[in-house]
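Below is one structure, written out as C-alpha cells; the observations come after it.
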Amino acid sequence: MELLPLLFLRFCFLTLTGLTFAADSGTPVTRVTVKEDDGVILPCSLSTNENIESMLFDWKKEGTVPQKNVFLYDDGKYYNNGLSGQDEEFKDRVSHFPEELKHGNASIRIKKTRLEDNGTYLCKFPKLKPEIRTFHIELVVEPVLKVRNVPGAAPEPSVTNLNESSDWALLKCDVKGAYPEPTVEWWNSNNQTIPSEEPQVSKEGEHFYVTLKTTVKKTDYYRCVATQKESTIRYIRKSMCI
C-alpha cells in the first residue's frame, strides 16, 4: 500500500551550515543541507592541496555494521570503474571530480538525494603518511512534497460521480485498505473542507475502508483528501479533481 506527500522542489546544490564536533573524538563535522531529490556535494579536501590521483580515499556512511560503502577511489580505479563492493543504494548516484584530484579534492556528488541518505559520512585517507586523515560530513536531507510509498499507508482515494443534475452532483470518495485509519475529507478549489455526509467506516483485519459522500454545486471543482499521521510526518494524497 502507499501513501503520500508533503513538499516540492527544484535543483539546489548544497548548503553548508557550519561545523560541529563528533562527540567521541572532537573531530570537526561539516554539516551539509539539501532538499530531497536534489544533487549535493559532500566536501573532502586535503589542506595541503597535494595531488591525490595515485592515492586511496574511501567514503563510508555511518549508522550500520558494517558501514555502508559509498565511494572508493584507488589510484585511478573506483566503483563502477574497476572496483566493486559499492552498496546498492549508492550505485549510479555517486561520482567524484577527476579534474580536482590533483588539487587534493576528494569530494563526491550524490544525485537524487533520498531521505534515507540522512546521516554522517566519513571521507578517509587510510594510507596517508605520516597519519591517517578522516573527515566527517553530516548530510541533512529535507523532505519535499511528493507521493511516497509508505508500507500500510492509505492508497489513493477513488472518486465516483453517483448522480447529477444541471447544477449539482453527488460525489463519492472511497479509500480502501488503509492503516492506520485515515481522515477523509472533501476540499474545494481553495483547499477548504466542505460539508459531507457522515463517513462510512468498516474494518477488515487491521485495514480500514472509508466511504465519504458529498453533494456539491457545479460552480467549483472538488477533490477528496485522505490524511494519515505516521510518526511526526503528515502524509496527504489528493484524488483527481471533479
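By convention here, the chains of the C-alpha cells are called A, B, ... in the order presented, each chain's residues are numbered starting at 1, and ligands are numbered starting at 1 in the order presented.
For segment 37-197 of chain A, the set of residues given helix (DSSP H, G or I) by DSSP on the backbone reads Glu88, Glu89, Phe90, Pro98, Glu99, Glu100, Leu101, Lys102, His103, Leu115, Glu116 and Asp117 of chain A.
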Restricted to C-alpha atoms, what would the selected residues look like written as a PDB file, in the first residue's frame?
ATOM      1  CA  GLU A  88      23.323  -0.928  -3.935  1.00  0.00           C
ATOM      2  CA  GLU A  89      21.582   2.250  -2.764  1.00  0.00           C
ATOM      3  CA  PHE A  90      24.510   4.388  -3.948  1.00  0.00           C
ATOM      4  CA  PRO A  98      38.591  13.686 -11.571  1.00  0.00           C
ATOM      5  CA  GLU A  99      39.955  17.105 -12.564  1.00  0.00           C
ATOM      6  CA  GLU A 100      40.120  18.169  -8.925  1.00  0.00           C
ATOM      7  CA  LEU A 101      42.184  15.223  -7.669  1.00  0.00           C
ATOM      8  CA  LYS A 102      45.453  16.981  -8.487  1.00  0.00           C
ATOM      9  CA  HIS A 103      44.404  19.700  -6.068  1.00  0.00           C
ATOM     10  CA  LEU A 115      15.540  10.777   2.944  1.00  0.00           C
ATOM     11  CA  GLU A 116      17.494   7.580   3.689  1.00  0.00           C
ATOM     12  CA  ASP A 117      20.685   9.441   2.755  1.00  0.00           C
TER      13      ASP A 117
END
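Excluding Gly63 of chain A and any residue on its chain fewer than 5 positions from it, the residues at most 9 Å away by only C-alpha atoms are Lys68, Gly119 and Thr120 of chain A.
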Residues from the last selection, N, CA and C atoms, saved as a PDB file, in the first residue's frame:
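Saved to part-v4.pdb:
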ATOM      1  N   LYS A  68      28.247   1.454   5.456  1.00  0.00           N
ATOM      2  CA  LYS A  68      27.897   1.342   4.047  1.00  0.00           C
ATOM      3  C   LYS A  68      28.999   1.913   3.163  1.00  0.00           C
ATOM      4  N   GLY A 119      22.460  11.329   7.391  1.00  0.00           N
ATOM      5  CA  GLY A 119      23.405  10.649   8.266  1.00  0.00           C
ATOM      6  C   GLY A 119      24.800  11.229   8.177  1.00  0.00           C
ATOM      7  N   THR A 120      25.749  10.567   8.840  1.00  0.00           N
ATOM      8  CA  THR A 120      27.138  11.014   8.875  1.00  0.00           C
ATOM      9  C   THR A 120      27.989  10.180   7.927  1.00  0.00           C
TER      10      THR A 120
END
Next item on the list: Rounded to one decimal place, report the atom CA of Asp74 of chain A-atom CA of Thr33 of chain A distance in Å.
Entry: 28.1 Å
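Counting only C-alpha atoms and comparing A:Asn80, A:Thr211, A:Thr48, A:Ser158, the residue that lies closest to Leu128 of chain A is A:Thr48.
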Next item on the list: Give me the residues within 8 Å of Asn188 of chain A as number ranges by chain, counting only C-alpha atoms and dropping any in the same chain fewer than 4 places off.
Entry: A: 192-194, 220-223
Item checked: Per-residue DSSP, segment 131-224 of chain A, filtered to strand (DSSP E or B), as a PyMOL selection string -> chain A and resi 133-142+148+158-164+168-178+183-187+193+200-204+207-217+223-224
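By chain and then residue number, the residues within 7 Å of Ile110 of chain A are A:Gly39, A:Val40, A:Ile41, A:Arg93, A:Val94, A:Ser95, A:Thr113, counting only C-alpha atoms and disregarding those fewer than 3 positions away in sequence.
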Restrict the selected residues to C-alpha atoms and save them as a CSV table (one decimal), in the first residue's frame.
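The file below, selection-v5.csv, is the result:
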chain,number,residue,atom,x,y,z
A,39,GLY,CA,22.0,16.8,-6.0
A,40,VAL,CA,24.5,17.5,-3.3
A,41,ILE,CA,28.3,17.7,-2.9
A,93,ARG,CA,24.2,8.0,-7.9
A,94,VAL,CA,27.7,8.9,-6.6
A,95,SER,CA,30.6,10.4,-8.6
A,113,THR,CA,19.1,12.5,-2.7
Checklist line | Best match for closeness to Asp167 of chain A among A:Val184, A:Val216, A:Leu122, A:Val140, counting only C-alpha atoms | finding: A:Val216
Checklist line | Shell of 9 Å around segment 134-138 of chain A, only C-alpha atoms, local chain residues under 3 positions omitted, as a ChimeraX atom specification | finding: /A:21-22,27-33,42-45,118-126
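Closest to Ala169 of chain A among A:His207, A:Lys213, A:Glu198, A:Pro143 is A:Lys213, based on only C-alpha atoms.
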